[in-house]
Structure formats: C-alpha cells, structure tokens
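Below is one structure, written out as structure tokens, with a few remarks after it.
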Amino acid sequence: MPTNRQVILAKRPAPGIVTPDVFTVKDAPLAEPGEGEIRVKIAYISLDPAMRGWINEGRSYVPPVAIGGVMRSFSVGTVEASRNPAFKIGDAVQGMLGAQQYAISDGKGLVKVDPKIAPLERWVGGLGMPGWTAYFGLLEVGQPKAGETVVVSAASGAVGSIVGQIAKIKGCRAIGIAGGPDKCRYVVDELGFDACIDYRSGNLAEQLKAACPKGIDVNFENVGGDILDTILMQMNVHGRIALCGLISGYNATKLPEGPKNLRAVLTQRLTMRGLIVLDWANRVPEAIAQLGAWHREGKLKIREDVRTGGLETFTDTLNLLYTGGNNGKLVLKV
Ligand SMILES: NC(=O)c1ccc[n+]([C@@H]2O[C@H](COP(=O)([O-])OP(=O)(O)OC[C@H]3O[C@@H](n4cnc5c(N)ncnc54)[C@H](OP(=O)(O)O)[C@@H]3O)[C@@H](O)[C@H]2O)c1
C-alpha cells in the first residue's frame with residue numbers, strides 16, 4: 001500500500017531547544033483527493049524559526065499545531081492528482097502543505113509558482129514567505145528613504161539577506177549584523193551591504209557606531225535581546241523599528257529581561273511596530289512580481305541551504321536555525 005511519511009507533533013516541548021521526542025515520523029496511508037481537492041507531492045519543506053512558537057501552547061497569531069497532527073510548514077511541490085479545475089497535474093505550488101511527503105489540499109491559500117523562473121526550493125525562500133516578509137516588513141513598516149541608514153540583524157539569513165538588498169535598491173546605507181566572519185564576508189562581498197558586524201566578536205556598540213556614523217534610521221529586527229538593546233541606543237529621532245523576529249529568545253528557559261533601553265523609544269520618538277507577513281496575504285502577487293524582477297535583473301541574490309537527510313532529520317535540521325548553523329534559507333529536501 002502506498003504511504004505518506006509525515007512529521008507528527010508527539011508532545012508539547014519543554015522550554016529550551018526542541019528535543020528528539022517532540023516529533024515522531026510516521027507512515028500514513030496515501031490519501032486520494034476528494035471532490036475539489038488536489039494531491040501535492042512535496043519536494044522541499046521550509047524550516048522556519050517561527051516553528052518553535054507554533055508548537056507551544058498559548059496565544060499567538062496562529063493556533064498551536066495539534067498534538068498528533070502533521071507539523072505545519074510552508075512546503076513546495078508538484079500537483080500529481082487533481083479534482084479541482086483550478087489546478088492541473090504538473091502545476092508547481094507553494095503553501096502551508098505541512099512537513100510530509102504528500103499533502104491533500106482544497107487549493108485555498110496555495111500559490112502557483114514557476115520553476116522556469118527559479119528552482120522549487122527558492123519558492124519557499126527568497127521568492128516565498130521570507131522574501132515577502134522582507135519586502136513588506138521593510139517597505140511598509142520600516143519606510144526607508146534614500147540616504148537613510150538601515151540596520152538588519154540575522155543579516156545573512158533568509159529574511160535579513162533580502163532586507164539589506166532591498167535597502168540598497170532603495171538608495172539606503174545597509175548595515176548587517178551576523179554571527180562570524182564568513183557570514184559577514186558573504187553579506188558585504190556577495191550581497192553588497194555597506195558593512196556587516198560580527199556580533200560574536202565583541203563590543204557591538206562600538207562597531208555599530210563606526211558603521212553608522214550618522215545613526216540608525218531604520219532597524220529591521222530579527223533577533224532581539226542585547227542586539228536590539230544596543231541598536232535602540234543609536235536610533236535617530238523619528239526612527240522606525242520593524243519588529244520581525246526575536247529569535248534570541250525562542251528557546252529561552254526563563255523570561256527575558258526585556259528591552260533595557262526602551263527609554264530611547266520615548267526620547268527619540270521612535271516607532272516600533274511588530275509585523276506578521278500573513279497580514280499582507282492579499283498582496284503576495286505584488287511581492288513575487290517585484291522580488292522576481294529584481295532577481296532576474298541580478299539585483300537580488302538568494303541563497304538556500306538545502307539539507308538532504310530526509311524527514312527523520314526534521315528536529316536536528318530545525319535546531320540549526322537557533323545556533324546559526326544554517327547558511328541561507330534552510331530547507332529540507334523530501
Ligand atoms: N514576522 C514574520 O512574519 C516573520 C516571517 C519570517 C521570519 N520571521 C523572523 O525573522 C527572523 C529570521 O528568520 P529567517 O527565516 O530569515 O532565519 P535565518 O536568518 O535564515 O536563520 C536564523 C538565524 O538567526 C540567527 N540567530 C539564531 N539565534 C541567534 C541568537 N541567539 N542571537 C543572534 N542571532 C541568532 C542565526 O544567524 P547568525 O549566525 O548570524 O547568528 C541564524 O542563522 C526570525 O526571528 C524569524 O522568526 C518573522
């Protein structure tokens with residue numbers, strides 16, 4: 001009997017890094033699509049930092065993944081059976097298809113993608129959700145203007161790498177913060193940022209001051225913690241902080257102390273706004289068109305880190321995100 005291998009949430013994790021007993025891998029019978037449905041053969045699963053939050057109990061922007069349910073994930077693949085007139089066999093699609101080999105979908109929320117424009121894995125990376133996050137988060141929330149200084153943390157990663165390149169396209173000075181000399185070299189030499197600071201090499205405040213002599217106008221924040229606190233002290237009057245992620249705290253075992261330098265929001269009249277990419281779901285075609293055009297024109301470089309260990313390595317692969325073990329958008333080949 002044909003089967004569908006799935007990553008199942010076995011239990012809620014304890015605070016801290018996800019342990020191997022949190023997920024199990026199981027083979028379910030391969031389902032046939034019902035009326036109005038399609039079956040997608042998944043090629044790549046996106047590993048996202050937010051997954052750590054999706055498996056916790058509690059209030060968030062999406063309900064927690066159910067215990068016993070297939071792990072939620074953005075995935076990309078090819079339609080192999082269709083009883084929905086909007087999709088034909090061979091169409092490539094991307095969406096919340098889950099961490100599994102095959103997904104049944106009614107097609108709602110799926111985005112058709114073109115493998116002739118970019119390989120499938122890129123459609124869950126720079127041309128997919130992380131790209132849309134960078135695009136809307138920077139332009140709508142950060143509101144950068146030519147000549148301004150934009151600082152982005154986790155700068156070599158899926159979202160950060162796109163943010164800095166869009167900042168450059170918009171005529172800004174782009175400064176990255178990343179872990180280690182190799183990532184920083186990539187950010188400057190390959191992606192074209194003006195500078196990149198290795199936050200692990202000590203004295204972030206001094207390094208930031210040297211890289212941003214006119215202060216910071218826009219912070220696209222992916223990390224939080226000490227990095228955000230340091231940036232707060234160098235924000236210019238009426239600066240904007242696009243709060244995209246707080247990855248330094250996702251595996252915290254006790255509540256973080258909170259921003260120590262919140263006073264800067266008051267004295268510098270800063271705007272700090274949280275963003276969730278799903279809020280721009282109805283404008284995804286615009287993001288794809290613009291990101292795709294920049295990519296074609298050679299203005300936007302995109303890198304994936306494709307892991308090939310299979311669904312059995314889901315937990316270990318996911319955990320790479322929280323130690324900086326990934327180089328570019330982390331995806332798991334199915
Ligand atoms: N709001 C939204 O809608 C939305 C959507 C997508 C992503 N996000 C957020 O955007 C951020 C980046 O996500 P991504 O998918 O682009 O991941 P990514 O940057 O490709 O990978 C995560 C990176 O975060 C850095 N990191 C991990 N722990 C850290 C720590 N304790 N201190 C400093 N840096 C740390 C590591 O880079 P280094 O090696 O440089 O430290 C790691 O490689 C995350 O916070 C994520 O939750 C938000």
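In the structure tokens, chains take letters A, B, ... by order of appearance, with residues numbered from 1 within each chain and ligands from 1 in the order shown.
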Can you pull out every residue within 7 Å of Lys329 of chain A, counting only C-alpha atoms, but drop anything in the same chain fewer than 6 positions away, and send it as a list in words? Gly125, Gly157, Ala158, Arg303, Glu304 and Asp305 of chain A
From a backbone DSSP assignment, name each residue in segment 13-253 of chain A labelled strand (DSSP E or B), as JSON, numbers by chain. {"A": [23, 24, 25, 26, 27, 28, 29, 38, 39, 40, 41, 42, 43, 44, 45, 46, 70, 74, 75, 76, 77, 78, 79, 80, 81, 82, 92, 93, 94, 95, 96, 100, 102, 103, 104, 105, 111, 112, 113, 149, 150, 151, 152, 153, 173, 174, 175, 176, 177, 178, 195, 196, 197, 198, 216, 217, 218, 219, 220, 221, 235, 236, 237, 238, 239, 240, 241, 242, 243]}
Proximity check segment 186-258 of chain A to segment 13-28 of chain A, 10 Å, nearest pairs one decimal Å, only C-alpha atoms, as CSV:
residue,atom,partner,partner_atom,distance
A:Gly249,CA,A:Gly16,CA,9.4
A:Tyr250,CA,A:Gly16,CA,7.9
A:Asn251,CA,A:Gly16,CA,4.2
A:Ala252,CA,A:Gly16,CA,5.6
A:Thr253,CA,A:Pro15,CA,5.0
A:Lys254,CA,A:Pro15,CA,8.0
Would you write out, as JSON lines, a table of all residues in chain A that have an atom no more than 7 Å from an atom of ligand 1, listing for each the closest atom pair and the distance in Å to one decimal, considering only C-alpha atoms and all ligand atoms and ordering rows by chain and rising residue number?
{"residue": "A:Asp48", "atom": "CA", "partner": "ligand 1", "partner_atom_place_in_ligand_line": "15 (O)", "distance": 5.0}
{"residue": "A:Pro49", "atom": "CA", "partner": "ligand 1", "partner_atom_place_in_ligand_line": "47 (O)", "distance": 4.6}
{"residue": "A:Ala50", "atom": "CA", "partner": "ligand 1", "partner_atom_place_in_ligand_line": "47 (O)", "distance": 4.7}
{"residue": "A:Met129", "atom": "CA", "partner": "ligand 1", "partner_atom_place_in_ligand_line": "6 (C)", "distance": 6.6}
{"residue": "A:Pro130", "atom": "CA", "partner": "ligand 1", "partner_atom_place_in_ligand_line": "6 (C)", "distance": 5.0}
{"residue": "A:Thr133", "atom": "CA", "partner": "ligand 1", "partner_atom_place_in_ligand_line": "5 (C)", "distance": 5.3}
{"residue": "A:Ala154", "atom": "CA", "partner": "ligand 1", "partner_atom_place_in_ligand_line": "40 (O)", "distance": 4.5}
{"residue": "A:Ala155", "atom": "CA", "partner": "ligand 1", "partner_atom_place_in_ligand_line": "40 (O)", "distance": 6.3}
{"residue": "A:Ser156", "atom": "CA", "partner": "ligand 1", "partner_atom_place_in_ligand_line": "40 (O)", "distance": 6.1}
{"residue": "A:Gly157", "atom": "CA", "partner": "ligand 1", "partner_atom_place_in_ligand_line": "19 (O)", "distance": 3.3}
{"residue": "A:Ala158", "atom": "CA", "partner": "ligand 1", "partner_atom_place_in_ligand_line": "16 (O)", "distance": 3.6}
{"residue": "A:Val159", "atom": "CA", "partner": "ligand 1", "partner_atom_place_in_ligand_line": "16 (O)", "distance": 3.7}
{"residue": "A:Gly160", "atom": "CA", "partner": "ligand 1", "partner_atom_place_in_ligand_line": "16 (O)", "distance": 5.7}
{"residue": "A:Ile177", "atom": "CA", "partner": "ligand 1", "partner_atom_place_in_ligand_line": "40 (O)", "distance": 6.8}
{"residue": "A:Ala178", "atom": "CA", "partner": "ligand 1", "partner_atom_place_in_ligand_line": "40 (O)", "distance": 3.4}
{"residue": "A:Gly179", "atom": "CA", "partner": "ligand 1", "partner_atom_place_in_ligand_line": "40 (O)", "distance": 3.7}
{"residue": "A:Gly180", "atom": "CA", "partner": "ligand 1", "partner_atom_place_in_ligand_line": "39 (O)", "distance": 6.7}
{"residue": "A:Lys183", "atom": "CA", "partner": "ligand 1", "partner_atom_place_in_ligand_line": "40 (O)", "distance": 6.8}
{"residue": "A:Asn222", "atom": "CA", "partner": "ligand 1", "partner_atom_place_in_ligand_line": "45 (O)", "distance": 4.2}
{"residue": "A:Val223", "atom": "CA", "partner": "ligand 1", "partner_atom_place_in_ligand_line": "33 (C)", "distance": 5.4}
{"residue": "A:Cys244", "atom": "CA", "partner": "ligand 1", "partner_atom_place_in_ligand_line": "1 (N)", "distance": 4.1}
{"residue": "A:Gly245", "atom": "CA", "partner": "ligand 1", "partner_atom_place_in_ligand_line": "45 (O)", "distance": 3.2}
{"residue": "A:Leu246", "atom": "CA", "partner": "ligand 1", "partner_atom_place_in_ligand_line": "45 (O)", "distance": 4.8}
{"residue": "A:Ile247", "atom": "CA", "partner": "ligand 1", "partner_atom_place_in_ligand_line": "45 (O)", "distance": 4.2}
{"residue": "A:Ser248", "atom": "CA", "partner": "ligand 1", "partner_atom_place_in_ligand_line": "31 (N)", "distance": 3.5}
{"residue": "A:Gly249", "atom": "CA", "partner": "ligand 1", "partner_atom_place_in_ligand_line": "31 (N)", "distance": 6.8}
{"residue": "A:Leu275", "atom": "CA", "partner": "ligand 1", "partner_atom_place_in_ligand_line": "1 (N)", "distance": 4.9}
{"residue": "A:Ile276", "atom": "CA", "partner": "ligand 1", "partner_atom_place_in_ligand_line": "3 (O)", "distance": 3.4}
{"residue": "A:Val277", "atom": "CA", "partner": "ligand 1", "partner_atom_place_in_ligand_line": "3 (O)", "distance": 3.8}
{"residue": "A:Leu278", "atom": "CA", "partner": "ligand 1", "partner_atom_place_in_ligand_line": "3 (O)", "distance": 6.5}
{"residue": "A:Leu321", "atom": "CA", "partner": "ligand 1", "partner_atom_place_in_ligand_line": "22 (C)", "distance": 4.5}
{"residue": "A:Tyr322", "atom": "CA", "partner": "ligand 1", "partner_atom_place_in_ligand_line": "27 (C)", "distance": 4.0}
{"residue": "A:Thr323", "atom": "CA", "partner": "ligand 1", "partner_atom_place_in_ligand_line": "28 (N)", "distance": 5.2}
{"residue": "A:Gly324", "atom": "CA", "partner": "ligand 1", "partner_atom_place_in_ligand_line": "43 (O)", "distance": 3.5}
{"residue": "A:Gly325", "atom": "CA", "partner": "ligand 1", "partner_atom_place_in_ligand_line": "43 (O)", "distance": 5.8}
{"residue": "A:Asn326", "atom": "CA", "partner": "ligand 1", "partner_atom_place_in_ligand_line": "43 (O)", "distance": 5.0}
{"residue": "A:Asn327", "atom": "CA", "partner": "ligand 1", "partner_atom_place_in_ligand_line": "43 (O)", "distance": 6.5}
{"residue": "A:Gly328", "atom": "CA", "partner": "ligand 1", "partner_atom_place_in_ligand_line": "20 (O)", "distance": 5.3}
{"residue": "A:Lys329", "atom": "CA", "partner": "ligand 1", "partner_atom_place_in_ligand_line": "20 (O)", "distance": 4.8}
{"residue": "A:Leu330", "atom": "CA", "partner": "ligand 1", "partner_atom_place_in_ligand_line": "20 (O)", "distance": 6.3}
I need the residues in segment 60-287 of chain A that are alpha helix (DSSP H) according to DSSP; give them as a count of residues only. 50
Counting only C-alpha atoms, which residue out of A:Gly292, A:Pro213, A:Gly309, A:Pro259 sits closest to Ala118 of chain A? A:Gly292
Enter the distance from atom CA of Arg5 of chain A to atom CA of Lys108 of chain A, in Å, rounded to one decimal.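 Interatomic distance here is 22.8 Å.
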Using only C-alpha atoms: which of A:Leu332, A:Arg12, A:Leu311, A:Ile216 has the shortest distance to Asn56 of chain A: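 Residue with the minimum atom-to-atom distance to Asn56 of chain A: A:Arg12.
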A:Val111, A:Ala31, A:Leu9, A:Ile162 ranked by distance to Gly98 of chain A, top pick (using only C-alpha atoms):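 Of all the options, A:Leu9 lies closest to Gly98 of chain A.
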Atom CA of Ile117 of chain A to atom CA of Glu80 of chain A, straight-line distance in Å: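 Going from atom CA of Glu80 of chain A over to atom CA of Ile117 of chain A, I get 20.7 Å.
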Need the shell around segment 283-290 of chain A: protein/DNA/RNA residues with any atom at most 7 Å away, counting only C-alpha atoms. Skip same-chain ones fewer than 4 positions apart. Format as a list in words? Leu127, Trp132, Tyr135 and Trp294 of chain A
Could you pull the residues within 10 Å of Lys145 of chain A, counting only C-alpha atoms, minus those fewer than 5 positions along the same chain, as a PyMOL selection string? chain A and resi 139+150+167+170-173+217-218
Restricting the calculation to only C-alpha atoms, which member of A:Phe87, A:Trp123, A:Tyr44, A:Phe220 is positioned closest to Ser153 of chain A? A:Phe220
Atomic separation - atom CA of Gly176 of chain A relative to atom CA of Leu291 of chain A, Å: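 Between these atoms lies a distance of 19.8 Å.
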Residues within 7 Å of Val76 of chain A, please, as an mmCIF file with N, CA and C atoms, in the first residue's frame. Count only C-alpha atoms; anything in the same chain fewer than 4 positions from it doesn't count.
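As a result, around32.cif now contains:
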data_model
loop_
_atom_site.group_PDB
_atom_site.id
_atom_site.type_symbol
_atom_site.label_atom_id
_atom_site.label_comp_id
_atom_site.auth_asym_id
_atom_site.auth_seq_id
_atom_site.Cartn_x
_atom_site.Cartn_y
_atom_site.Cartn_z
ATOM 1 N N ILE A 42 5.323 16.665 -2.305
ATOM 2 C CA ILE A 42 6.157 17.748 -1.777
ATOM 3 C C ILE A 42 7.635 17.496 -2.085
ATOM 4 N N ALA A 43 8.297 18.549 -2.526
ATOM 5 C CA ALA A 43 9.721 18.427 -2.876
ATOM 6 C C ALA A 43 10.616 19.012 -1.776
ATOM 7 N N TYR A 44 10.207 20.145 -1.208
ATOM 8 C CA TYR A 44 11.021 20.817 -0.182
ATOM 9 C C TYR A 44 10.125 21.362 0.921
ATOM 10 N N ILE A 45 10.627 21.230 2.137
ATOM 11 C CA ILE A 45 9.942 21.775 3.313
ATOM 12 C C ILE A 45 10.766 22.936 3.845
ATOM 13 N N VAL A 93 3.253 24.195 -6.872
ATOM 14 C CA VAL A 93 2.524 25.036 -5.911
ATOM 15 C C VAL A 93 3.291 25.139 -4.594
ATOM 16 N N GLN A 94 3.010 26.226 -3.913
ATOM 17 C CA GLN A 94 3.658 26.507 -2.632
ATOM 18 C C GLN A 94 2.598 26.911 -1.636
ATOM 19 N N GLY A 95 2.762 26.534 -0.364
ATOM 20 C CA GLY A 95 1.812 26.964 0.665
ATOM 21 C C GLY A 95 1.973 26.132 1.922
ATOM 22 N N LEU A 120 12.545 25.083 -7.453
ATOM 23 C CA LEU A 120 11.422 24.957 -6.494
ATOM 24 C C LEU A 120 11.780 25.449 -5.091
ATOM 25 N N VAL A 124 10.146 28.688 -1.480
ATOM 26 C CA VAL A 124 9.874 28.795 -0.040
ATOM 27 C C VAL A 124 10.960 29.642 0.625
#
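With only C-alpha atoms as the atoms that count, the minimum distance from Asp229 of chain A to the choices A:Arg263, A:Val163, A:Gln143, A:Ala211 is reached by A:Arg263.
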